[in-house]
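So this one's model.json, JSON, C-alpha atoms:
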[["chain", "number", "residue", "atom", "x", "y", "z"],
["A", 29, "MET", "CA", -3.60, -19.38, -8.54],
["A", 30, "ASP", "CA", -0.91, -19.12, -5.88],
["A", 31, "VAL", "CA", -0.88, -15.31, -5.93],
["A", 32, "ILE", "CA", -4.64, -15.09, -5.42],
["A", 33, "ASN", "CA", -4.45, -17.59, -2.56],
["A", 34, "ASP", "CA", -1.60, -15.61, -1.03],
["A", 35, "ILE", "CA", -3.63, -12.38, -1.12],
["A", 36, "ALA", "CA", -6.81, -14.07, 0.12],
["A", 37, "ASN", "CA", -4.94, -15.65, 3.03],
["A", 38, "TRP", "CA", -3.19, -12.35, 3.82],
["A", 39, "VAL", "CA", -6.40, -10.34, 4.08],
["A", 40, "GLU", "CA", -7.88, -12.93, 6.42],
["A", 41, "LYS", "CA", -5.14, -11.91, 8.85],
["A", 42, "LYS", "CA", -4.91, -8.23, 7.91],
["A", 43, "PRO", "CA", -8.30, -7.32, 6.43],
["A", 44, "LEU", "CA", -8.94, -5.32, 3.28],
["A", 45, "ILE", "CA", -9.30, -1.54, 3.67],
["A", 46, "LEU", "CA", -11.73, 0.56, 1.62],
["A", 47, "ILE", "CA", -10.90, 4.20, 0.86],
["A", 48, "SER", "CA", -12.93, 6.79, -1.03],
["A", 49, "PHE", "CA", -11.93, 10.29, -2.20],
["A", 50, "ASP", "CA", -14.08, 13.11, -3.50],
["A", 51, "GLU", "CA", -13.34, 14.65, -6.90],
["A", 52, "ALA", "CA", -11.13, 17.46, -5.60],
["A", 53, "ASP", "CA", -8.90, 15.18, -3.54],
["A", 54, "SER", "CA", -8.92, 12.56, -6.29],
["A", 55, "HIS", "CA", -7.52, 15.03, -8.80],
["A", 56, "SER", "CA", -4.83, 16.24, -6.38],
["A", 57, "LEU", "CA", -3.70, 12.69, -5.60],
["A", 58, "LEU", "CA", -3.94, 11.17, -9.08],
["A", 59, "TYR", "CA", -1.92, 13.97, -10.65],
["A", 60, "SER", "CA", 0.58, 14.51, -7.84],
["A", 61, "ARG", "CA", 4.32, 14.21, -8.52],
["A", 62, "ARG", "CA", 4.51, 10.58, -7.44],
["A", 63, "GLY", "CA", 1.07, 9.74, -8.72],
["A", 64, "LEU", "CA", -0.21, 6.26, -7.96],
["A", 65, "GLU", "CA", 3.20, 4.93, -6.90],
["A", 66, "HIS", "CA", 3.09, 6.70, -3.54],
["A", 67, "ILE", "CA", 0.15, 8.50, -1.92],
["A", 68, "THR", "CA", -0.14, 9.86, 1.59],
["A", 69, "PHE", "CA", -3.09, 11.46, 3.34],
["A", 70, "THR", "CA", -4.14, 12.20, 6.89],
["A", 71, "ARG", "CA", -7.26, 11.64, 8.95],
["A", 72, "ARG", "CA", -8.13, 11.75, 12.64],
["A", 73, "HIS", "CA", -6.63, 8.87, 14.63],
["A", 74, "ASP", "CA", -9.97, 7.11, 15.09],
["A", 75, "SER", "CA", -10.34, 6.69, 11.32],
["A", 76, "PHE", "CA", -7.35, 4.33, 11.19],
["A", 77, "LYS", "CA", -7.21, 2.91, 14.70],
["A", 78, "ASN", "CA", -8.03, -0.71, 13.81],
["A", 79, "PHE", "CA", -6.02, -0.88, 10.60],
["A", 80, "ARG", "CA", -3.21, -3.44, 10.49],
["A", 81, "THR", "CA", -0.49, -2.73, 7.98],
["A", 82, "PRO", "CA", 0.85, -3.59, 5.53],
["A", 83, "THR", "CA", -2.26, -4.87, 3.81],
["A", 84, "PHE", "CA", -4.28, -4.50, 0.64],
["A", 85, "CYS", "CA", -6.75, -1.73, -0.06],
["A", 86, "LEU", "CA", -9.40, -0.78, -2.60],
["A", 87, "VAL", "CA", -9.47, 2.91, -3.44],
["A", 88, "GLU", "CA", -12.27, 4.74, -5.23],
["A", 89, "PHE", "CA", -11.36, 7.95, -7.08],
["A", 90, "ILE", "CA", -13.49, 10.34, -9.10],
["A", 91, "ASP", "CA", -11.56, 11.49, -12.16],
["A", 92, "ASP", "CA", -13.27, 13.96, -14.50],
["A", 93, "HIS", "CA", -16.69, 12.86, -13.19],
["A", 94, "GLU", "CA", -15.82, 9.20, -13.78],
["A", 95, "VAL", "CA", -15.56, 6.78, -10.84],
["A", 96, "LYS", "CA", -12.48, 4.54, -10.97],
["A", 97, "LEU", "CA", -11.48, 1.69, -8.67],
["A", 98, "PHE", "CA", -7.89, 0.76, -7.79],
["A", 99, "ILE", "CA", -6.19, -1.93, -5.73],
["A", 100, "GLY", "CA", -3.00, -1.19, -3.83],
["A", 101, "VAL", "CA", -1.25, -1.57, -0.52],
["A", 102, "VAL", "CA", -1.59, 0.39, 2.70],
["A", 103, "ALA", "CA", 2.12, 0.34, 3.46],
["A", 104, "ARG", "CA", 2.01, 2.02, 6.85],
["A", 105, "LYS", "CA", 0.18, 4.30, 9.23],
["A", 106, "ARG", "CA", 1.83, 6.77, 11.57],
["A", 107, "ALA", "CA", 0.71, 9.46, 13.98],
["A", 108, "VAL", "CA", 1.80, 12.86, 12.65],
["A", 109, "SER", "CA", 0.11, 15.16, 15.16],
["A", 110, "THR", "CA", -1.94, 15.06, 18.33],
["A", 111, "LEU", "CA", -5.12, 14.68, 16.29],
["A", 112, "GLU", "CA", -4.15, 12.99, 13.05],
["A", 113, "SER", "CA", -2.46, 9.93, 11.58],
["A", 114, "ARG", "CA", -0.98, 9.52, 8.11],
["A", 115, "LEU", "CA", -1.70, 6.59, 5.82],
["A", 116, "THR", "CA", 0.75, 5.69, 3.03],
["A", 117, "LEU", "CA", -0.56, 3.90, -0.07],
["A", 118, "THR", "CA", 1.73, 2.33, -2.66],
["A", 119, "GLY", "CA", 1.48, 0.62, -6.04],
["A", 120, "LEU", "CA", -2.12, 1.49, -6.90],
["A", 121, "GLN", "CA", -3.40, -0.37, -9.98],
["A", 122, "ARG", "CA", -6.65, 0.19, -11.92],
["A", 123, "ILE", "CA", -9.10, -2.71, -11.74],
["A", 124, "VAL", "CA", -12.64, -3.64, -12.70],
["A", 125, "PRO", "CA", -15.40, -3.18, -11.72],
["A", 126, "ASN", "CA", -15.28, 0.61, -11.62],
["A", 127, "SER", "CA", -16.76, 1.37, -8.21],
["A", 128, "PHE", "CA", -17.71, -0.04, -4.83],
["A", 129, "GLU", "CA", -21.34, -0.01, -5.96],
["A", 130, "GLU", "CA", -20.58, -2.12, -9.03],
["A", 131, "LEU", "CA", -18.48, -4.45, -6.91],
["A", 132, "SER", "CA", -21.35, -4.94, -4.46],
["A", 133, "ASP", "CA", -23.53, -6.26, -7.31],
["A", 134, "LEU", "CA", -21.08, -9.15, -7.77],
["A", 135, "ILE", "CA", -21.33, -10.41, -4.18],
["A", 136, "THR", "CA", -23.61, -13.45, -4.23],
["A", 137, "ILE", "CA", -23.50, -14.43, -0.55],
["A", 138, "SER", "CA", -26.25, -12.46, 1.17],
["A", 139, "ARG", "CA", -24.49, -11.92, 4.49],
["A", 140, "PHE", "CA", -21.38, -10.68, 2.70],
["A", 141, "TYR", "CA", -23.45, -8.37, 0.52],
["A", 142, "SER", "CA", -25.11, -6.77, 3.55],
["A", 143, "ALA", "CA", -21.80, -6.42, 5.36],
["A", 144, "PHE", "CA", -20.13, -4.86, 2.32],
["A", 145, "MET", "CA", -22.94, -2.34, 1.81],
["A", 146, "ASP", "CA", -22.56, -1.29, 5.45],
["A", 147, "LYS", "CA", -18.84, -0.74, 4.95],
["A", 148, "ILE", "CA", -18.82, 1.27, 1.71],
["A", 149, "PRO", "CA", -17.17, 4.53, 2.79],
["A", 150, "VAL", "CA", -18.60, 7.93, 1.99],
["A", 151, "GLN", "CA", -16.29, 10.30, 0.11],
["A", 152, "ASN", "CA", -13.05, 11.09, 1.95],
["A", 153, "ALA", "CA", -13.66, 8.28, 4.43],
["A", 154, "THR", "CA", -12.19, 4.85, 5.12],
["A", 155, "SER", "CA", -13.44, 1.51, 6.45],
["A", 156, "MET", "CA", -12.15, -1.99, 7.11],
["A", 157, "LEU", "CA", -13.84, -5.24, 6.05],
["A", 158, "SER", "CA", -14.05, -8.45, 8.04],
["A", 159, "PRO", "CA", -11.45, -11.15, 7.30],
["A", 160, "LYS", "CA", -13.85, -13.52, 5.49],
["A", 161, "LEU", "CA", -15.45, -10.75, 3.48],
["A", 162, "SER", "CA", -11.99, -9.49, 2.52],
["A", 163, "SER", "CA", -11.08, -12.92, 1.18],
["A", 164, "ASN", "CA", -14.35, -13.16, -0.75],
["A", 165, "ILE", "CA", -13.75, -9.77, -2.41],
["A", 166, "ILE", "CA", -10.28, -10.84, -3.58],
["A", 167, "GLU", "CA", -11.76, -14.01, -5.09],
["A", 168, "ILE", "CA", -14.38, -11.96, -6.93],
["A", 169, "LEU", "CA", -11.75, -9.59, -8.34],
["A", 170, "ALA", "CA", -9.64, -12.54, -9.48],
["A", 171, "GLU", "CA", -12.48, -13.76, -11.69],
["A", 172, "PHE", "CA", -11.71, -10.89, -14.10],
["A", 173, "PRO", "CA", -8.73, -11.75, -16.36],
["A", 174, "GLU", "CA", -7.96, -8.03, -16.74],
["A", 175, "ASN", "CA", -7.32, -7.82, -12.97],
["A", 176, "ILE", "CA", -4.64, -10.52, -12.80],
["A", 177, "ASN", "CA", -1.70, -8.27, -13.68],
["A", 178, "ALA", "CA", -2.85, -5.69, -11.15],
["A", 179, "LEU", "CA", -3.10, -8.34, -8.44],
["A", 180, "ASN", "CA", 0.35, -9.72, -9.31],
["A", 181, "ASN", "CA", 1.91, -6.26, -9.27],
["A", 182, "THR", "CA", 0.25, -5.36, -6.00],
["A", 183, "VAL", "CA", 1.66, -8.44, -4.28],
["A", 184, "SER", "CA", 5.16, -7.14, -5.03],
["A", 185, "GLN", "CA", 4.48, -4.20, -2.67],
["A", 186, "ILE", "CA", 4.43, -6.52, 0.38],
["A", 187, "PRO", "CA", 7.92, -7.93, 1.08],
["A", 188, "LYS", "CA", 6.69, -11.10, 2.79],
["A", 189, "LEU", "CA", 4.62, -12.06, -0.26],
["A", 190, "ARG", "CA", 6.89, -11.21, -3.19],
["A", 191, "PRO", "CA", 9.54, -13.64, -4.42],
["A", 192, "THR", "CA", 13.11, -12.46, -3.86],
["A", 193, "PRO", "CA", 15.51, -12.86, -6.84],
["A", 194, "ASN", "CA", 19.12, -13.76, -6.02],
["A", 195, "LYS", "CA", 20.33, -10.29, -7.07],
["A", 196, "GLU", "CA", 17.84, -8.61, -4.77],
["A", 197, "TRP", "CA", 18.77, -10.96, -1.92],
["A", 198, "ALA", "CA", 22.43, -9.98, -2.36],
["A", 199, "GLN", "CA", 21.50, -6.28, -2.27],
["A", 200, "GLU", "CA", 19.41, -6.77, 0.84],
["A", 201, "ASN", "CA", 22.24, -8.62, 2.53],
["A", 202, "ALA", "CA", 24.64, -5.76, 1.65],
["A", 203, "ILE", "CA", 22.23, -3.23, 3.12],
["A", 204, "LYS", "CA", 21.97, -5.19, 6.36],
["A", 205, "THR", "CA", 25.76, -5.40, 6.55],
["A", 206, "ALA", "CA", 26.02, -1.64, 6.04],
["A", 207, "LEU", "CA", 23.45, -0.98, 8.75],
["A", 208, "ASN", "CA", 25.43, -3.14, 11.16],
["A", 209, "ALA", "CA", 28.66, -1.35, 10.21],
["A", 210, "PHE", "CA", 27.10, 2.00, 11.12],
["A", 211, "GLY", "CA", 25.65, 0.62, 14.35],
["A", 212, "ILE", "CA", 22.05, 0.99, 13.19],
["A", 213, "ASP", "CA", 19.37, -1.40, 14.42],
["A", 214, "GLN", "CA", 17.92, -3.28, 11.43],
["A", 215, "SER", "CA", 14.41, -2.80, 12.81],
["A", 216, "TYR", "CA", 14.64, 0.93, 12.01],
["A", 217, "LYS", "CA", 12.71, 1.95, 8.91],
["A", 218, "PRO", "CA", 13.39, 5.04, 6.78],
["A", 219, "GLU", "CA", 10.61, 7.48, 6.16],
["A", 220, "GLU", "CA", 11.52, 7.96, 2.50],
["A", 221, "LEU", "CA", 13.39, 5.98, -0.14],
["A", 222, "THR", "CA", 13.80, 6.74, -3.82],
["A", 223, "ILE", "CA", 14.22, 3.86, -6.23],
["A", 224, "LYS", "CA", 14.31, 4.35, -9.99],
["A", 225, "THR", "CA", 10.95, 3.46, -11.54],
["A", 226, "GLY", "CA", 10.88, -0.13, -12.75],
["A", 227, "GLN", "CA", 14.12, -1.11, -11.02],
["A", 228, "VAL", "CA", 14.41, -4.08, -8.65],
["A", 229, "SER", "CA", 16.35, -3.36, -5.47],
["A", 230, "GLY", "CA", 16.89, -4.75, -2.02],
["A", 231, "LEU", "CA", 16.24, -1.20, -0.82],
["A", 232, "SER", "CA", 12.55, -1.78, -1.52],
["A", 233, "LYS", "CA", 12.51, -3.96, 1.59],
["A", 234, "TYR", "CA", 13.12, -0.85, 3.65],
["A", 235, "GLY", "CA", 10.42, 1.51, 2.46],
["A", 236, "GLU", "CA", 9.18, 3.38, -0.55],
["A", 237, "HIS", "CA", 11.40, 5.96, -1.77],
["A", 238, "VAL", "CA", 17.07, 6.83, -0.95],
["A", 239, "LEU", "CA", 19.00, 7.03, -4.04],
["A", 240, "GLU", "CA", 20.17, 3.47, -4.72],
["A", 241, "ASP", "CA", 23.37, 4.41, -6.51],
["A", 242, "ASN", "CA", 24.98, 6.14, -3.50],
["A", 243, "VAL", "CA", 23.44, 4.90, -0.28],
["A", 244, "LEU", "CA", 25.91, 2.15, 0.62],
["A", 245, "ILE", "CA", 29.01, 4.29, -0.03],
["A", 246, "ASP", "CA", 27.82, 7.33, 1.91],
["A", 247, "ASP", "CA", 29.20, 7.96, 5.38],
["A", 248, "ALA", "CA", 27.55, 7.37, 8.72],
["A", 249, "ARG", "CA", 26.37, 10.90, 9.25],
["A", 250, "GLN", "CA", 23.78, 10.42, 6.50],
["A", 251, "PHE", "CA", 21.92, 8.04, 8.80],
["A", 252, "ASP", "CA", 19.87, 9.25, 11.75],
["A", 253, "PRO", "CA", 18.62, 6.41, 13.98],
["A", 254, "ALA", "CA", 16.63, 8.85, 16.12],
["A", 255, "THR", "CA", 14.37, 9.80, 13.20],
["A", 256, "ARG", "CA", 14.77, 6.59, 11.22],
["A", 257, "LEU", "CA", 15.60, 8.60, 8.11],
["A", 258, "TRP", "CA", 18.17, 8.27, 5.39],
["A", 259, "THR", "CA", 18.81, 11.88, 4.46],
["A", 260, "ARG", "CA", 20.36, 13.13, 1.23],
["A", 261, "THR", "CA", 21.99, 16.50, 0.58]]
Just dump the structure as structure tokens.
Amino acid sequence: MDVINDIANWVEKKPLILISFDEADSHSLLYSRRGLEHITFTRRHDSFKNFRTPTFCLVEFIDDHEVKLFIGVVARKRAVSTLESRLTLTGLQRIVPNSFEELSDLITISRFYSAFMDKIPVQNATSMLSPKLSSNIIEILAEFPENINALNNTVSQIPKLRPTPNKEWAQENAIKTALNAFGIDQSYKPEELTIKTGQVSGLSKYGEHVLEDNVLIDDARQFDPATRLWTRT
């Protein structure tokens, strides 16, 4: 399948990231206001130093004593203090198998199995796989028919991989025109965007969460190039 090949090729350039949360953090994240659509958490800089974003991730939660595995996208990382960086996860989707341990049992190539076992993160930790192992894991997940929708939906979180409908292209072009009109460099990225759940928008090219209905008719003072934020009052 083209989508599976796209993901497998992507993670050979930007390897797959593994993330594990303990039960307390899992509950806080799973039942937060934005839920699985948008999760942020912080760790010391060294925990994320080799991560290349955006890329795909596997996240293990513990929900009511049950281990659950999700696939999603690490959208970005950013230093937020002298000691810590913040990781932003988007579009998490439930998949099978249910845990890193169960996934390891499906790896048939011995060198990949050993490498994966070495990389399984302890609770509240992260790790990054090698490019070839990352690709192998995606191929294993794609063997489960119940994972296909999750993989397709996850691809849509990475702009360079998702197809762009004509309507969305027109919106994106309008946004770029507006940025130019306000003298804003198009390389600037907002920290937060808000897009109605289930809606397709060119705004999704620019981050996660600004209110789509007003942003292009608001005046220039709503934009702050110094902080790369679109602010709403």
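In this model, the gap between CA of Thr81 (chain A) and CA of Lys41 (chain A) comes to 10.3 Å.
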**Shell of 12 Å around Val183 (chain A), all atoms listed in the file, local chain residues under 4 positions omitted, as a PyMOL selection string** = chain A and resi 30-36+38-39+82-85+99-103+118-121+176-179+187-191
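Going from CA of Leu157 (chain A) over to CA of His55 (chain A), you cover 25.9 Å.
Nearest residue to Leu131 (chain A), choosing from A:Leu57, A:Ala143, A:Leu169, A:Ala153 and counting all atoms listed in the file: A:Leu169.
Rounded to one decimal, CA of Asn152 (chain A) and CA of Ser184 (chain A) lie 26.7 Å from each other.
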**Asked** Of the candidates A:Asp74, A:Glu65, A:Glu171, A:Asp91, which shows the shortest atom-to-atom distance to Leu117 (chain A), using all atoms listed in the file?
**Response** A:Glu65
**Message:** At a cut-off of 12 Å, using only C-alpha atoms, what residues contact Lys160 (chain A)? Leave out same-chain residues fewer than 6 positions from it and give the result as a PyMOL selection string.
**Reply:** chain A and resi 36-44+137+139-141+143-144+166-167
**Asked** Which residues, written as a PyMOL selection string, have at least one atom at most 8 Å from region 111-115 of chain A, with only C-alpha atoms counted and residues fewer than 6 positions away on the same chain left out?
**Response** chain A and resi 68-73+76+102-105
**Request:** Could you give me, as a list in words, the residues within 12 Å of Ser142 (chain A), counting all atoms listed in the file and dropping anything in the same chain fewer than 5 positions from it?
**Result:** Ser132, Asp133, Ile135, Thr136, Ile137, Lys147, Ile148, Leu157 and Leu161 of chain A
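Shortest separation to Phe172 (chain A) among A:Pro125, A:Thr116, A:Phe49, A:Ala202 occurs at residue A:Pro125, atoms counted being only C-alpha atoms.
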